[in-house]
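Right, one structure below, let's go through it.
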Amino acid sequence: MTDVKTSPDIPPVTTEKSTPERNVTRRLLEFAGQFRGVLAFVVVFVLGIVFAPVSLKTGHSTFLNWATQNDILFEYAEIGILAAGMTLVIISAGIDLSVGSVLGFAATFFSLLLIGFGWSAPAAIAVTLLATAGMGAVSGIIISRFRMQPFVATLGMMLLARGAAKWISGGIKVQPGAKEWYAIQNSSPPIFDWMSSPVGPLGLKPITLAFIFSIIIFWVLIRFTSFGRHLYAIGGNEEAARLSGIRVGLVKTVAYTLCGLAAGVAGISNASRMTLGDPEAGFTYELDAIAAVVIGGTSLMGGRGGMFFTFLGTLIIAYISKILSLRGVEEAPRLMIRGALIVIAVLIQQSKKR
Amino acid sequence: MRLKLAVFVALAVAVLVVAGCGKEKQAAKSGKTYTIGMSQCNLGEPWRVQMNADIKAAAAKHPELKVIFKDAQNKTTVQQDQVKEFVNLGVDLIIISPKEARPLTKPVADAMDAGIPVIVLDRKVEGDKYTCFIGGDNRKIGEEAGKYMVKLLGGKGNVVELKGLMTSTPAVERHEGFMKGIAGSQIKIIFAADCHWLEPDAQKEMASALSRFPNPEDIDAVYAHNDPSAHGAYIAAKNEGKGREKRIKFIGIDALPHEGVRYVKEGLLTATFQYPTGGAEAIETALKILKGEKVQKNIILGTRVFTKENVDKGGEAL
C-alpha cells in the first residue's frame with residue numbers, strides 16, 4: 001500500500017529506508033507521475049494552439065487569446081464546481097451520481113425563489129445552498145449510517161432531486177411570466193446578469209470565480225485540515241481508519257454535504273447563465289464531473305488524488321471540447337474522442353500502480 | 001509509464017489530426033467568399049437533420065458560400081457558446097435554430113452588436129435584435145389538416161387525436177389549428193392522448209383507443225401531430241388484426257422525405273402536411289443579406305399537402 005499516499009497533495013507518510021540511488025530514481029518517477037496531469041494539460045494546450053482555427057477577420061488564433069480562455073473557464077465552470085465537490089467524495093472511495101440532478105434542482109429552486117416569490121438574491125442563494133447541502137447530507141447519512149453503497153444511495157438521490165425539480169416548477173421552466181402568480185412577470189432578476197458579467201481587471205465573471213474559489217477552498221480543506229487527512233485515510237482503507245479512531249461516518253457525511261453544496265453553487269451558476277430555472281438542467285453532468293476528476297488523476301478506488309488535478313482535469317476536458325467545437329467537428333467523432341481520452345487517461349493512471 | 005504517456009500524446013495528436021483533416025479551409029483568395037455559421041439545437045430529430053441537409057443542398061449551389069455546422073446536442077448552454085465561437089471566428093453571417101428563446105436572446109444580440117447578421121430559424125428569440133426570422137406556422141398547418149379532414153370524412157365522423165408533447169408550443173398550435181379547421185362540422189374527437197412526438201407512445205395510445213372503441217365503424221380517422229405518431233397508429237391498427245387499418249384514414253404532419261412522404265407513397269398514411277424546415281429559404285435570405293439587400297424581418301412559410309394523388313409531383317402548396 002505504499003502508493004496510497006503518493007498524491008502531491010499529501011506527502012508520503014510511509015518512510016522507506018532505501019539507498020540514495022534508488023531514492024533518486026524513485027523521486028524521478030514520482031515526479032513524472034505527479035506532473036502527468038500537468039504534462040497532459042500542456043499537450044492539450046499546444047494542440048489547441050495548433051489546431052484551433054484562426055479568426056477570419058483578424059487572422060489571430062481563436063484559441064490563444066484571453067477572451068477565449070476566459071470563455072472556456074466560464075463555460076466549464078459548472079462542470080468544474082461539480083468536479084471539485086465530487087473529488088472529495090471520490091477520495092473517500094465513494095461516488096455521487098446525484099450532482100447533475102441536484103444542480104437541476106438548485107437552478108429551478110433558486111429561480112423559483114427569485115422569480116416566483118420575489119426573494120432577494122442573498123436570501124435565495126442562502127436557502128438554495130442550504131437545501132442542496134441538505135440533499136448531500138441525506139445521501140451521506142444513508143451511506144454512512146445504513147452502510148448503503150454510494151452508487152445506490154446517490155442513484156436514489158439523483159431521481160429524487162430530478163423529481164423535486166420538476167415538482168416545484170410544475171414541469172415547466174421557471175422564467176418571468178411563466179405563471180401568473182410569479183412575482184416577476186417581465187424583467188429579469190439582476191443577479192442573473194451580474195453572475196455572468198465580467199468583474200475586476202481580468203474580466204473574470206462571478207461564475208468563473210465561483211469555480212476557482214471552489215477549487216481553492218476545497219484544496220485548503222483537504223490539504224491542511226484533519227478532515228482532509230481523514231478523508232484520504234478512509235479512502236485508503238476504511239476499516240483501518242475506523243480502527244484508528246477516525247469518525248468515518250461523520251467525515252463521509254461531511255464530504256457528501258460539501259458535494260451537495262458545490263452542486264448548489266453550480267446550479268445557481270446554471271440558472272444565471274440560462275436566465276431561467278430549467279428542471280432538466282444538469283442532465284448527465286455527473287458523468288462529465290466524474291470524467292474531469294478521473295482524467296485529472298484522482299483514483300476512483302479512493303485515497304489518492306487532489307483538487308489541483310481536478311482543476312487540470314476540468315481544463316483538459318474543456319480544452320478538448322473547445323478545440324473540437326471551434327473546428328466544428330461533428331458529434332459522432334467528438335463522443336468517440338472523449339471516450340477514448342477517458343480510457344487512456346485511466347490506463348496511464350493505473351500503470352503507476354503496478 | 002513514460003512509454004504509455006508517449007502513446008497517449010501520440011494518440012491525442014493523431015485523433016485531433018484526423019478530426020481536423022479534410023476540414024482545412026481552402027480560403028479562395030480570388031473572388032469574395034462568405035462563411036456562414038449554422039448552430040442547430042440538436043440533430044436527434046429527423047426534421048432537424050433534414051433542415052441541415054436543406055441548408056447544405058442550397059449552399060452547394062453557391063460556391064462562394066461556406067457553411068460551418070455545429071450541433072448543440074440539445075444543450076442551451078452549448079448553443080450559447082457556439083454563437084460566441086462564431087463571433088470570435090469572425091463569420092459573415094450566423095444561422096441559428098435555437099433550442100430556447102430566452103437564454104439565446106443575449107448571445108444573438110451580442111452577435112448583432114458585433115456586426116454579424118443573424119437569421120433565426122423555426123423557433124424565435126425574444127425582442128427584435130435579429131436580422132430575420134424564418135419559420136412555419138403550426139396553427140395554419142393544423143387548420144389545413146382540419147379542413148382536409150372535414151372534406152375527407154364528408155363533414156361527419158369520429159377522430160382519434162394523437163398529440164405531440166403538449167407542453168411544447170408546436171403541439172398546442174397544431175391542436176388549436178385543427179380544432180379551428182373542424183369547427184362547424186360534425187367531426188368529433190372521441191379519444192385524445194399526449195404521445196410526446198414518439199412513435200412507441202403513439203402505438204400504445206392507439207392500441208388503447210382501438211380497444212375502447214372496438215367496432216369497425218367506431219373510428220373513422222386518426223389525426224397525429226407528427227408522421228411517426230401517425231405511423232405508430234397505423235401499426236397499432238394493423239396489429240389489432242381486424243383489418244381496421246384499411247378503413248381508418250391516417251393523417252400526419254411534417255412530411256419529411258424519408259418519413260411521412262414515404263408512408264403516403266406506400267399507402268400507409270392518407271395525407272401528410274409539410275412543416276417546412278426553412279433551410280433553403282435561409283440560404284436564399286442569407287445571400288440577400290450578404291449582398292446588402294433588404295430582407296423581410298419575419299418570413300412565415302406556407303405548407304404543402306402530400307396525398308397519394310400528388311405525392312409523385314412533390315405535393316401541393318396550400
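So you can find residues: chains in the C-alpha cells are A, B, ... in the order shown, residues in each start at 1, and ligands are numbered from 1 in order.
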
Note to self: I'd like the neighbourhood of Ala291 of chain A as a VMD selection string, where a residue qualifies if any of its atoms comes within 12 Å (using only C-alpha atoms), though same-chain residues fewer than 5 positions away should be ignored.
What the structure shows: chain A and resid 79 to 80 82 to 84 86 to 87 90 95 284 to 286 296 to 300 309 to 318 338 to 346

Could those residues be written to a file, using C-alpha atoms, as a PDB file, in the first residue's frame?
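For reference, selection_36.pdb as written:
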ATOM      1  CA  ILE A  79     -18.656  21.096 -14.509  1.00  0.00           C
ATOM      2  CA  GLY A  80     -15.584  22.307 -12.606  1.00  0.00           C
ATOM      3  CA  LEU A  82     -19.310  19.803  -9.582  1.00  0.00           C
ATOM      4  CA  ALA A  83     -15.961  18.083 -10.080  1.00  0.00           C
ATOM      5  CA  ALA A  84     -14.466  19.918  -7.096  1.00  0.00           C
ATOM      6  CA  MET A  86     -17.018  15.163  -6.499  1.00  0.00           C
ATOM      7  CA  THR A  87     -13.278  14.974  -5.761  1.00  0.00           C
ATOM      8  CA  ILE A  90     -14.159  10.107  -4.712  1.00  0.00           C
ATOM      9  CA  ILE A  95     -19.226   8.365  -5.796  1.00  0.00           C
ATOM     10  CA  THR A 284     -25.721  13.740 -17.329  1.00  0.00           C
ATOM     11  CA  TYR A 285     -23.436  16.423 -15.854  1.00  0.00           C
ATOM     12  CA  GLU A 286     -22.428  13.949 -13.126  1.00  0.00           C
ATOM     13  CA  GLY A 296      -7.090  14.702 -13.501  1.00  0.00           C
ATOM     14  CA  GLY A 297      -5.698  11.578 -11.878  1.00  0.00           C
ATOM     15  CA  THR A 298      -7.786  11.062  -8.770  1.00  0.00           C
ATOM     16  CA  SER A 299      -8.362   7.356  -8.290  1.00  0.00           C
ATOM     17  CA  LEU A 300     -11.889   6.001  -8.241  1.00  0.00           C
ATOM     18  CA  PHE A 309      -5.557  17.674 -10.526  1.00  0.00           C
ATOM     19  CA  THR A 310      -9.306  18.066 -10.778  1.00  0.00           C
ATOM     20  CA  PHE A 311      -8.780  21.658 -11.887  1.00  0.00           C
ATOM     21  CA  LEU A 312      -6.438  20.398 -14.617  1.00  0.00           C
ATOM     22  CA  GLY A 313      -8.815  17.562 -15.488  1.00  0.00           C
ATOM     23  CA  THR A 314     -11.642  20.043 -15.979  1.00  0.00           C
ATOM     24  CA  LEU A 315      -9.433  22.221 -18.161  1.00  0.00           C
ATOM     25  CA  ILE A 316      -8.274  19.234 -20.226  1.00  0.00           C
ATOM     26  CA  ILE A 317     -11.884  18.248 -20.943  1.00  0.00           C
ATOM     27  CA  ALA A 318     -12.779  21.876 -21.572  1.00  0.00           C
ATOM     28  CA  ARG A 338     -13.854  11.925 -25.479  1.00  0.00           C
ATOM     29  CA  GLY A 339     -14.493   8.271 -24.736  1.00  0.00           C
ATOM     30  CA  ALA A 340     -11.003   7.290 -25.859  1.00  0.00           C
ATOM     31  CA  LEU A 341      -9.497  10.096 -23.831  1.00  0.00           C
ATOM     32  CA  ILE A 342     -11.087   8.973 -20.569  1.00  0.00           C
ATOM     33  CA  VAL A 343      -9.987   5.373 -21.027  1.00  0.00           C
ATOM     34  CA  ILE A 344      -6.439   6.340 -21.977  1.00  0.00           C
ATOM     35  CA  ALA A 345      -6.153   8.712 -19.042  1.00  0.00           C
ATOM     36  CA  VAL A 346      -7.155   5.987 -16.621  1.00  0.00           C
TER      37      VAL A 346
END

Listing only residues of chain A within 6 Å of chain B, what is the closest atom pair and its distance in Å (to one decimal) for each, using only C-alpha atoms, sorted by chain and residue number ascending, as a Markdown table?
| residue | atom | partner | partner_atom | distance |
| --- | --- | --- | --- | --- |
| A:Ser55 | CA | B:Leu89 | CA | 4.4 |
| A:Leu56 | CA | B:Gly90 | CA | 5.2 |
| A:Lys57 | CA | B:Gly90 | CA | 5.4 |
| A:Met274 | CA | B:Pro103 | CA | 4.8 |
| A:Thr275 | CA | B:Pro103 | CA | 5.9 |
| A:Gly328 | CA | B:Lys70 | CA | 5.6 |

For the selection you just gave me, I'd like the residues written to a file as a tab-separated table (two decimals), in the first residue's frame, keeping C-alpha atoms.
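What follows is the written file again19.tsv:
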chain	number	residue	atom	x	y	z
A	55	SER	CA	-10.12	34.20	-36.93
A	56	LEU	CA	-11.37	35.01	-40.41
A	57	LYS	CA	-11.26	38.73	-39.62
A	274	MET	CA	-29.61	30.44	-18.71
A	275	THR	CA	-31.53	33.37	-17.12
A	328	GLY	CA	-16.95	22.36	-35.98

Next item on the list: Pick out the residues sitting within 6 Å of Asn226 of chain B, and hand them over as a list in words; count only C-alpha atoms, and ignore anything fewer than 2 positions along from it in its own chain.
Entry: Ala224, Pro228, Ser229, Gly252, Ile253 and Asp254 of chain B

Next item on the list: List every residue of segment 154-246 of chain B that DSSP, applied to the backbone, labels as strand (DSSP E), and write the result as number ranges by chain.
Entry: B: 156-163, 186-194, 221-224

Margin query: List the spatial neighbours of Thr128 of chain A as a ChimeraX atom specification - criterion: any atom at most 7 Å away, only C-alpha atoms, same-chain residues fewer than 5 positions off excluded.
Written below: /A:106,109-110,264

Residue subset to file, keeping N, CA and C atoms, as a short mmCIF file (atom, residue, chain, number, x, y, z; two decimals), in the first residue's frame:
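Wrote it out as result28.cif, contents follow:
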data_model
loop_
_atom_site.label_atom_id
_atom_site.label_comp_id
_atom_site.auth_asym_id
_atom_site.auth_seq_id
_atom_site.Cartn_x
_atom_site.Cartn_y
_atom_site.Cartn_z
N ALA A 106 -31.29 22.85 -7.87
CA ALA A 106 -30.82 24.16 -7.38
C ALA A 106 -31.19 25.27 -8.36
N PHE A 109 -35.01 25.76 -8.11
CA PHE A 109 -35.39 26.28 -6.79
C PHE A 109 -34.96 27.74 -6.67
N PHE A 110 -33.72 28.01 -7.05
CA PHE A 110 -33.16 29.37 -6.99
C PHE A 110 -34.01 30.32 -7.84
N GLY A 264 -25.07 22.89 -5.53
CA GLY A 264 -25.94 24.06 -5.38
C GLY A 264 -25.33 25.28 -6.03
#

List as a Markdown table every residue of segment 66-128 of chain A that is in contact with segment 192-207 of chain A, defined as an atom at most 10 Å from one of its atoms (using only C-alpha atoms), together with the nearest atom pair and the distance in Å rounded to one decimal, sorted by chain and then rising number.
| residue | atom | partner | partner_atom | distance |
| --- | --- | --- | --- | --- |
| A:Trp66 | CA | A:Leu202 | CA | 8.9 |
| A:Ala67 | CA | A:Gly203 | CA | 8.7 |
| A:Asn70 | CA | A:Leu204 | CA | 6.7 |
| A:Asp71 | CA | A:Leu204 | CA | 9.0 |
| A:Leu73 | CA | A:Leu204 | CA | 8.7 |
| A:Phe74 | CA | A:Ile207 | CA | 6.5 |
| A:Glu75 | CA | A:Ile207 | CA | 9.0 |
| A:Tyr76 | CA | A:Ile207 | CA | 9.7 |
| A:Ala77 | CA | A:Ile207 | CA | 6.6 |
| A:Glu78 | CA | A:Ile207 | CA | 8.0 |
| A:Ile81 | CA | A:Ile207 | CA | 9.6 |
| A:Ser111 | CA | A:Phe192 | CA | 9.5 |
| A:Leu114 | CA | A:Phe192 | CA | 10.0 |
| A:Ala121 | CA | A:Phe192 | CA | 9.3 |

I need the residues from that last selection saved to file as a CSV table (one decimal), in the first residue's frame (with N, CA and C atoms), if you can.
chain,number,residue,atom,x,y,z
A,66,TRP,N,-7.0,35.8,-24.6
A,66,TRP,CA,-7.5,35.8,-23.2
A,66,TRP,C,-9.0,35.7,-23.3
A,67,ALA,N,-9.7,36.3,-24.3
A,67,ALA,CA,-11.1,36.3,-24.4
A,67,ALA,C,-11.6,34.8,-24.4
A,70,ASN,N,-10.9,33.0,-21.2
A,70,ASN,CA,-11.9,33.4,-20.2
A,70,ASN,C,-13.3,32.7,-20.5
A,71,ASP,N,-13.6,32.6,-21.8
A,71,ASP,CA,-14.9,32.0,-22.1
A,71,ASP,C,-14.9,30.5,-21.7
A,73,LEU,N,-13.1,29.1,-19.3
A,73,LEU,CA,-13.3,29.0,-17.8
A,73,LEU,C,-14.7,29.2,-17.4
A,74,PHE,N,-15.4,30.1,-18.1
A,74,PHE,CA,-16.8,30.4,-17.8
A,74,PHE,C,-17.7,29.3,-18.2
A,75,GLU,N,-17.4,28.7,-19.4
A,75,GLU,CA,-18.3,27.7,-19.9
A,75,GLU,C,-18.2,26.4,-19.2
A,76,TYR,N,-17.0,26.1,-18.6
A,76,TYR,CA,-16.9,24.8,-17.9
A,76,TYR,C,-16.9,25.0,-16.4
A,77,ALA,N,-17.2,26.2,-16.0
A,77,ALA,CA,-17.3,26.4,-14.5
A,77,ALA,C,-18.2,25.5,-13.8
A,78,GLU,N,-19.4,25.3,-14.4
A,78,GLU,CA,-20.4,24.4,-13.7
A,78,GLU,C,-19.8,23.0,-13.5
A,81,ILE,N,-17.1,23.1,-10.9
A,81,ILE,CA,-17.6,23.2,-9.5
A,81,ILE,C,-18.1,21.8,-9.0
A,111,SER,N,-34.3,29.9,-9.1
A,111,SER,CA,-35.1,30.7,-9.9
A,111,SER,C,-36.5,30.9,-9.4
A,114,LEU,N,-36.4,33.5,-6.6
A,114,LEU,CA,-36.2,34.8,-7.1
A,114,LEU,C,-37.4,35.3,-7.9
A,121,ALA,N,-31.7,38.3,-3.8
A,121,ALA,CA,-30.6,37.4,-4.2
A,121,ALA,C,-29.9,36.7,-3.1
